[in-house]
file my_file-v2.cif (mmCIF, C-alpha atoms)
data_final
#
loop_
_atom_site.label_atom_id
_atom_site.label_comp_id
_atom_site.auth_asym_id
_atom_site.auth_seq_id
_atom_site.Cartn_x
_atom_site.Cartn_y
_atom_site.Cartn_z
CA MET A 26 -18.46 -48.07 -27.50
CA THR A 27 -14.84 -47.40 -26.61
CA PRO A 28 -12.19 -47.17 -29.38
CA ALA A 29 -10.73 -50.49 -28.17
CA VAL A 30 -14.10 -52.24 -28.56
CA VAL A 31 -14.59 -50.83 -32.07
CA HIS A 32 -11.08 -51.82 -33.17
CA VAL A 33 -11.31 -55.35 -31.74
CA LEU A 34 -14.70 -55.94 -33.39
CA LEU A 35 -13.35 -54.56 -36.66
CA ALA A 36 -10.38 -56.92 -36.46
CA LEU A 37 -12.76 -59.85 -35.91
CA ALA A 38 -14.98 -58.76 -38.81
CA GLY A 39 -12.42 -60.38 -41.10
CA GLY A 40 -12.90 -63.79 -39.47
CA GLU A 41 -11.70 -65.66 -36.42
CA ARG A 42 -8.34 -64.64 -35.03
CA HIS A 43 -6.13 -65.26 -32.03
CA GLY A 44 -5.22 -62.47 -29.63
CA TYR A 45 -1.90 -61.50 -31.17
CA ALA A 46 -3.39 -61.34 -34.68
CA ILE A 47 -6.12 -59.06 -33.28
CA LEU A 48 -3.43 -56.90 -31.65
CA LYS A 49 -1.51 -56.60 -34.92
CA ASP A 50 -4.71 -55.73 -36.83
CA VAL A 51 -5.65 -53.11 -34.26
CA GLN A 52 -2.17 -51.56 -34.34
CA LEU A 53 -2.34 -51.46 -38.14
CA ASN A 54 -5.76 -49.79 -38.21
CA ALA A 55 -5.27 -47.45 -35.27
CA GLY A 56 -1.79 -46.36 -36.34
CA SER A 57 0.22 -44.29 -33.91
CA ARG A 58 -2.80 -42.40 -32.55
CA LEU A 59 -3.84 -45.23 -30.24
CA ARG A 60 -1.43 -47.56 -28.51
CA PHE A 61 -2.89 -50.90 -27.51
CA GLY A 62 -1.07 -53.70 -25.76
CA PRO A 63 -2.02 -57.30 -24.94
CA GLY A 64 -3.63 -56.32 -21.63
CA THR A 65 -6.00 -53.89 -23.32
CA ILE A 66 -6.87 -56.40 -26.03
CA TYR A 67 -7.58 -59.32 -23.67
CA GLY A 68 -9.45 -57.08 -21.21
CA THR A 69 -11.62 -55.90 -24.09
CA LEU A 70 -12.11 -59.46 -25.38
CA GLN A 71 -13.18 -60.56 -21.90
CA ARG A 72 -15.80 -57.79 -21.71
CA LEU A 73 -17.03 -58.58 -25.20
CA MET A 74 -17.37 -62.28 -24.35
CA GLU A 75 -19.34 -61.36 -21.23
CA ALA A 76 -21.61 -59.20 -23.40
CA GLY A 77 -22.06 -62.05 -25.91
CA TRP A 78 -20.51 -60.11 -28.79
CA VAL A 79 -17.45 -62.35 -29.12
CA GLU A 80 -17.00 -66.06 -28.49
CA GLU A 81 -14.07 -68.40 -28.29
CA VAL A 82 -13.77 -71.05 -30.97
CA ALA A 83 -11.66 -74.16 -31.36
CA SER A 84 -8.20 -73.80 -32.89
CA PRO A 85 -8.35 -74.11 -36.68
CA GLY A 86 -5.83 -76.96 -36.79
CA ALA A 87 -3.42 -79.12 -34.84
CA ASP A 88 -0.36 -77.39 -36.31
CA VAL A 89 -1.12 -74.04 -34.63
CA ASP A 90 0.42 -72.89 -31.35
CA GLN A 91 -1.71 -74.60 -28.68
CA ARG A 92 -1.18 -71.69 -26.28
CA ARG A 93 -3.21 -69.52 -28.66
CA ARG A 94 -6.97 -69.21 -28.27
CA TYR A 95 -9.14 -68.15 -31.17
CA TYR A 96 -12.03 -65.70 -31.06
CA ARG A 97 -14.82 -64.76 -33.44
CA MET A 98 -17.56 -62.17 -33.52
CA THR A 99 -21.14 -63.29 -32.84
CA ARG A 100 -24.24 -62.07 -34.69
CA ASP A 101 -24.99 -59.70 -31.78
CA GLY A 102 -21.46 -58.35 -32.05
CA ARG A 103 -21.82 -57.73 -35.79
CA GLU A 104 -25.14 -55.91 -35.23
CA ALA A 105 -23.57 -53.78 -32.51
CA LEU A 106 -20.62 -52.94 -34.78
CA GLU A 107 -22.93 -52.08 -37.67
CA SER A 108 -25.00 -49.74 -35.52
CA GLU A 109 -21.80 -48.11 -34.24
CA VAL A 110 -20.57 -47.64 -37.82
CA ASP A 111 -23.97 -46.08 -38.67
CA ARG A 112 -23.61 -43.72 -35.72
CA LEU A 113 -20.07 -42.76 -36.73
CA GLY A 114 -21.21 -42.26 -40.33
CA ALA A 115 -23.98 -39.91 -39.19
CA LEU A 116 -21.50 -38.05 -37.04
CA LEU A 117 -19.13 -37.68 -39.99
CA ASN A 118 -21.95 -36.36 -42.18
CA ALA A 119 -22.91 -33.84 -39.50
CA ALA A 120 -19.29 -32.70 -39.29
CA ARG A 121 -19.10 -32.34 -43.08
CA ALA A 122 -22.31 -30.29 -43.03
CA HIS A 123 -20.46 -27.86 -40.76
CA ARG A 124 -17.51 -27.90 -43.16
CA ILE A 125 -15.31 -29.69 -40.69
CA ARG A 126 -12.95 -31.96 -42.58
CA PRO A 127 -10.65 -34.66 -41.25
CA ARG A 128 -7.04 -33.44 -40.96
CA ALA A 129 -5.84 -36.30 -43.17
CA SER A 130 -7.92 -35.05 -46.12
CA ARG A 131 -6.44 -31.55 -46.05
CA GLY A 132 -3.87 -30.78 -48.64
CA MET B 20 24.06 -63.90 -27.03
CA ALA B 21 23.54 -60.78 -24.93
CA GLY B 22 20.36 -60.05 -26.90
CA GLU B 23 18.95 -63.50 -26.17
CA HIS B 24 19.81 -63.09 -22.52
CA ALA B 25 18.03 -59.71 -22.40
CA ALA B 26 14.98 -61.14 -24.18
CA SER B 27 14.82 -64.03 -21.76
CA PHE B 28 15.11 -61.62 -18.82
CA ASP B 29 12.33 -59.41 -20.27
CA ALA B 30 10.06 -62.43 -20.73
CA ARG B 31 10.65 -63.62 -17.16
CA LEU B 32 10.05 -60.13 -15.83
CA TYR B 33 6.81 -59.83 -17.82
CA ARG B 34 5.60 -63.24 -16.59
CA ALA B 35 6.42 -62.27 -13.01
CA ALA B 36 4.56 -58.95 -13.39
CA LEU B 37 1.52 -60.85 -14.71
CA HIS B 38 1.14 -62.31 -11.21
CA LEU B 39 0.00 -58.86 -10.08
CA CYS B 40 -3.18 -59.29 -12.15
CA PRO B 41 -6.26 -60.79 -10.46
CA GLY B 42 -6.16 -64.61 -10.48
CA GLU B 43 -9.16 -65.12 -12.75
CA PHE B 44 -7.86 -62.78 -15.46
CA ARG B 45 -4.37 -64.28 -15.19
CA ARG B 46 -5.71 -67.82 -15.57
CA ASP B 47 -7.85 -66.81 -18.56
CA HIS B 48 -5.33 -64.69 -20.47
CA GLY B 49 -1.95 -64.73 -18.72
CA GLU B 50 -0.43 -67.39 -20.95
CA GLU B 51 -1.67 -65.63 -24.10
CA MET B 52 -0.28 -62.29 -22.92
CA ALA B 53 3.11 -63.83 -22.17
CA CYS B 54 3.05 -65.51 -25.57
CA ASP B 55 2.23 -62.19 -27.26
CA PHE B 56 5.04 -60.47 -25.38
CA ASP B 57 7.53 -63.14 -26.50
CA GLU B 58 6.43 -62.73 -30.10
CA ALA B 59 6.53 -58.92 -30.02
CA ARG B 60 9.93 -59.02 -28.28
CA GLY B 61 11.26 -61.34 -30.96
CA GLU B 62 10.00 -59.03 -33.71
CA VAL B 63 11.76 -55.93 -32.39
CA ALA B 64 14.97 -57.74 -31.38
CA SER B 65 16.66 -56.90 -34.67
CA ALA B 66 15.30 -53.35 -34.86
CA GLY B 67 17.78 -51.86 -32.42
CA ALA B 68 17.93 -50.84 -28.78
CA ARG B 69 15.53 -47.92 -29.20
CA ALA B 70 12.76 -50.18 -30.52
CA VAL B 71 13.34 -52.63 -27.68
CA TRP B 72 13.06 -49.87 -25.09
CA MET B 73 9.91 -48.51 -26.75
CA LEU B 74 8.38 -51.99 -26.59
CA ARG B 75 9.34 -52.36 -22.94
CA LEU B 76 7.78 -48.97 -22.17
CA LEU B 77 4.55 -49.67 -24.06
CA MET B 78 4.16 -53.19 -22.66
CA GLY B 79 4.94 -51.95 -19.15
CA LEU B 80 2.38 -49.16 -19.35
CA ASP B 81 -0.20 -51.49 -20.85
CA LEU B 82 0.36 -54.07 -18.13
CA ALA B 83 0.21 -51.46 -15.36
CA ARG B 84 -3.06 -50.14 -16.75
CA THR B 85 -4.42 -53.67 -17.10
CA ILE B 86 -3.56 -54.52 -13.48
CA VAL B 87 -5.41 -51.44 -12.21
CA VAL B 88 -8.43 -51.93 -14.49
CA GLN B 89 -8.78 -55.65 -13.78
CA TRP B 90 -8.52 -55.19 -10.01
CA LEU B 91 -11.13 -52.42 -10.17
CA ARG B 92 -13.37 -54.77 -12.18
CA THR B 93 -13.22 -57.35 -9.39
CA GLY B 94 -14.76 -54.74 -7.07
CA LEU B 95 -12.42 -55.67 -4.23
CA PRO B 96 -10.88 -52.16 -3.79
CA ALA B 97 -14.37 -50.65 -3.57
CA ILE B 98 -15.48 -53.36 -1.13
CA GLY B 99 -12.43 -52.69 1.02
CA CYS B 100 -13.00 -48.92 1.03
CA VAL B 101 -16.69 -49.22 1.86
CA ALA B 102 -16.09 -51.87 4.50
CA LEU B 103 -13.56 -49.55 6.12
CA VAL B 104 -15.27 -46.18 5.71
CA CYS B 105 -18.92 -47.07 6.43
CA PRO B 106 -18.45 -48.53 9.92
CA LEU B 107 -16.06 -45.71 10.83
CA VAL B 108 -18.56 -43.06 9.72
CA VAL B 109 -21.45 -44.79 11.51
CA ALA B 110 -19.39 -45.27 14.66
CA ALA B 111 -18.24 -41.63 14.59
CA GLY B 112 -21.83 -40.47 14.10
CA LEU B 113 -23.08 -42.63 16.97
CA ALA B 114 -20.26 -41.44 19.21
CA SER B 115 -21.06 -37.84 18.36
CA ALA B 116 -24.77 -38.38 19.12
CA VAL B 117 -24.08 -40.14 22.40
CA ARG B 118 -21.70 -37.37 23.47
CA ARG B 119 -24.51 -34.84 23.11
CA LEU B 120 -26.92 -36.82 25.33
CA THR B 121 -27.61 -35.15 28.68
CA PHE B 122 -28.15 -38.21 30.87
CA ARG B 123 -25.20 -39.99 32.40
CA LEU B 124 -24.98 -43.73 32.76
CA PRO B 125 -24.05 -44.88 36.25
CA VAL B 126 -21.27 -47.16 35.12
CA ASP B 127 -18.57 -48.55 37.30
CA GLY B 128 -15.39 -50.21 35.99
CA ALA B 129 -16.98 -53.59 35.14
CA ASP B 130 -19.93 -51.96 33.32
CA ALA B 131 -17.56 -49.78 31.28
CA GLU B 132 -15.74 -52.89 30.07
CA SER B 133 -19.07 -54.50 29.12
CA VAL B 134 -20.12 -51.39 27.18
CA GLY B 135 -16.75 -51.35 25.41
CA VAL B 136 -17.06 -55.01 24.40
CA ALA B 137 -20.65 -54.43 23.21
CA LEU B 138 -19.59 -51.44 21.09
CA LEU B 139 -16.72 -53.44 19.63
CA GLY B 140 -19.14 -56.26 18.81
CA VAL B 141 -21.48 -53.81 17.06
CA VAL B 142 -18.63 -52.45 14.93
CA VAL B 143 -17.52 -55.98 13.96
CA VAL B 144 -21.07 -56.96 13.02
CA MET B 145 -21.44 -53.78 10.98
CA VAL B 146 -18.18 -54.50 9.11
CA ILE B 147 -19.38 -58.02 8.28
CA VAL B 148 -22.85 -56.88 7.19
CA VAL B 149 -21.54 -54.03 5.03
CA THR B 150 -18.97 -56.34 3.41
CA ILE B 151 -21.61 -58.97 2.56
CA VAL B 152 -24.13 -56.43 1.25
CA PHE B 153 -21.58 -54.57 -0.84
CA ASN B 154 -20.07 -57.80 -2.15
CA LEU B 155 -23.49 -58.96 -3.31
CA TRP B 156 -24.15 -55.57 -4.90
CA VAL B 157 -20.82 -55.44 -6.75
CA HIS B 158 -21.13 -59.00 -8.08
CA ARG B 159 -24.73 -58.69 -9.23
CA PRO B 160 -25.33 -59.90 -12.81
CA ARG B 161 -24.89 -57.10 -15.34
CA ARG B 162 -24.05 -56.36 -18.95
CA VAL B 163 -20.64 -54.78 -19.12
CA ALA B 164 -20.39 -53.51 -22.68
CA ARG B 165 -22.83 -50.86 -23.85
CA ARG B 166 -24.46 -50.57 -27.21
#
call {"tool": "encode", "arguments": {"input": "my_file-v2.cif", "output": "structure tokens"}}
result
Amino acid sequence: MTPAVVHVLLALAGGERHGYAILKDVQLNAGSRLRFGPGTIYGTLQRLMEAGWVEEVASPGADVDQRRRYYRMTRDGREALESEVDRLGALLNAARAHRIRPRASRG
Amino acid sequence: MAGEHAASFDARLYRAALHLCPGEFRRDHGEEMACDFDEARGEVASAGARAVWMLRLLMGLDLARTIVVQWLRTGLPAIGCVALVCPLVVAAGLASAVRRLTFRLPVDGADAESVGVALLGVVVVMVIVVTIVFNLWVHRPRRVARR
């Protein structure tokens, strides 16, 4: 899984969102280390929809911007994200076993 | 007033650049991307010229990358390369093999023209066949994302 896929799925774990809300979530979580723009987000969403991990849903109300399309994660997407989180967790444990700590945790 | 004018120009420029994306991607997400750009542009408008230029740079790089990636995903550049390179390589190989043959064809002027037309026909047929085969191969059903 690429970082963009993980971040988009994580953003959708909180519920259905439109593209710009996903972009803002991703920018918030990724910080300045990864720079994503709309093209990256929609390219990733397209791939995820083709894979069946994300689907488009109807707009939540009539008062929302009709140009916006809303997306949500499918059950397959959640399972894929969970297995990726497991993999990352195991990787983190292996790193800790070798006394390799994240830079952010150093004093 | 000048800020609004610049924002409007940026938005028009971004929408024009979106036309460089493949048609299918543009139809699916072009309007959303333009909408996102407008919103992001509006958010940084009051943050100063540096923030505006940073946004322009990031959005420009993102769009350039998207154009390349989406065109590669259509497979058309690969189809074009293969359709061009394969017949040329085959034709060069055949020409090299024929040049090494020891017998000589008793061709007069009219026969030479016929042979030329036949060779041209073979190359055209090869281009068409390679394009069809490669097109079918590139657009075969597949899962894009990996677990």
call {"tool": "atom_distance", "arguments": {"input": "my_file-v2.cif", "atom1": "atom CA of Val63 of chain B", "atom2": "atom CA of Gly40 of chain A"}}
result
26.8 Å
call {"tool": "residues_near_point", "arguments": {"input": "my_file-v2.cif", "point": "(-16.3, -67.1, -24.5)", "cutoff": "12 Å", "atoms": "only C-alpha atoms", "output": "ChimeraX atom specification"}}
result
/A:67,70-83,94-99 /B:47-48
call {"tool": "resolve_selection", "arguments": {"input": "my_file-v2.cif", "expression": "the PyMOL selection byres ((chain B) within 12 of (chain A))", "output": "PyMOL selection string"}}
result
chain B and resi 33+36-37+40-41+43-59+62+73-90+92+160-166
call {"tool": "axis_aligned_box", "arguments": {"input": "my_file-v2.cif", "around": "segment 77-81 of chain A", "padding_each_side": "8 Å", "output": "JSON"}}
result
{"center_x": -18.1, "center_y": -64.3, "center_z": -27.5, "size_x": 24.0, "size_y": 24.3, "size_z": 19.2}
call {"tool": "atom_distance", "arguments": {"input": "my_file-v2.cif", "atom1": "atom CA of Phe153 of chain B", "atom2": "atom CA of Leu138 of chain B"}}
result
22.2 Å
call {"tool": "atom_distance", "arguments": {"input": "my_file-v2.cif", "atom1": "atom CA of Asn54 of chain A", "atom2": "atom CA of Leu35 of chain A"}}
result
9.1 Å
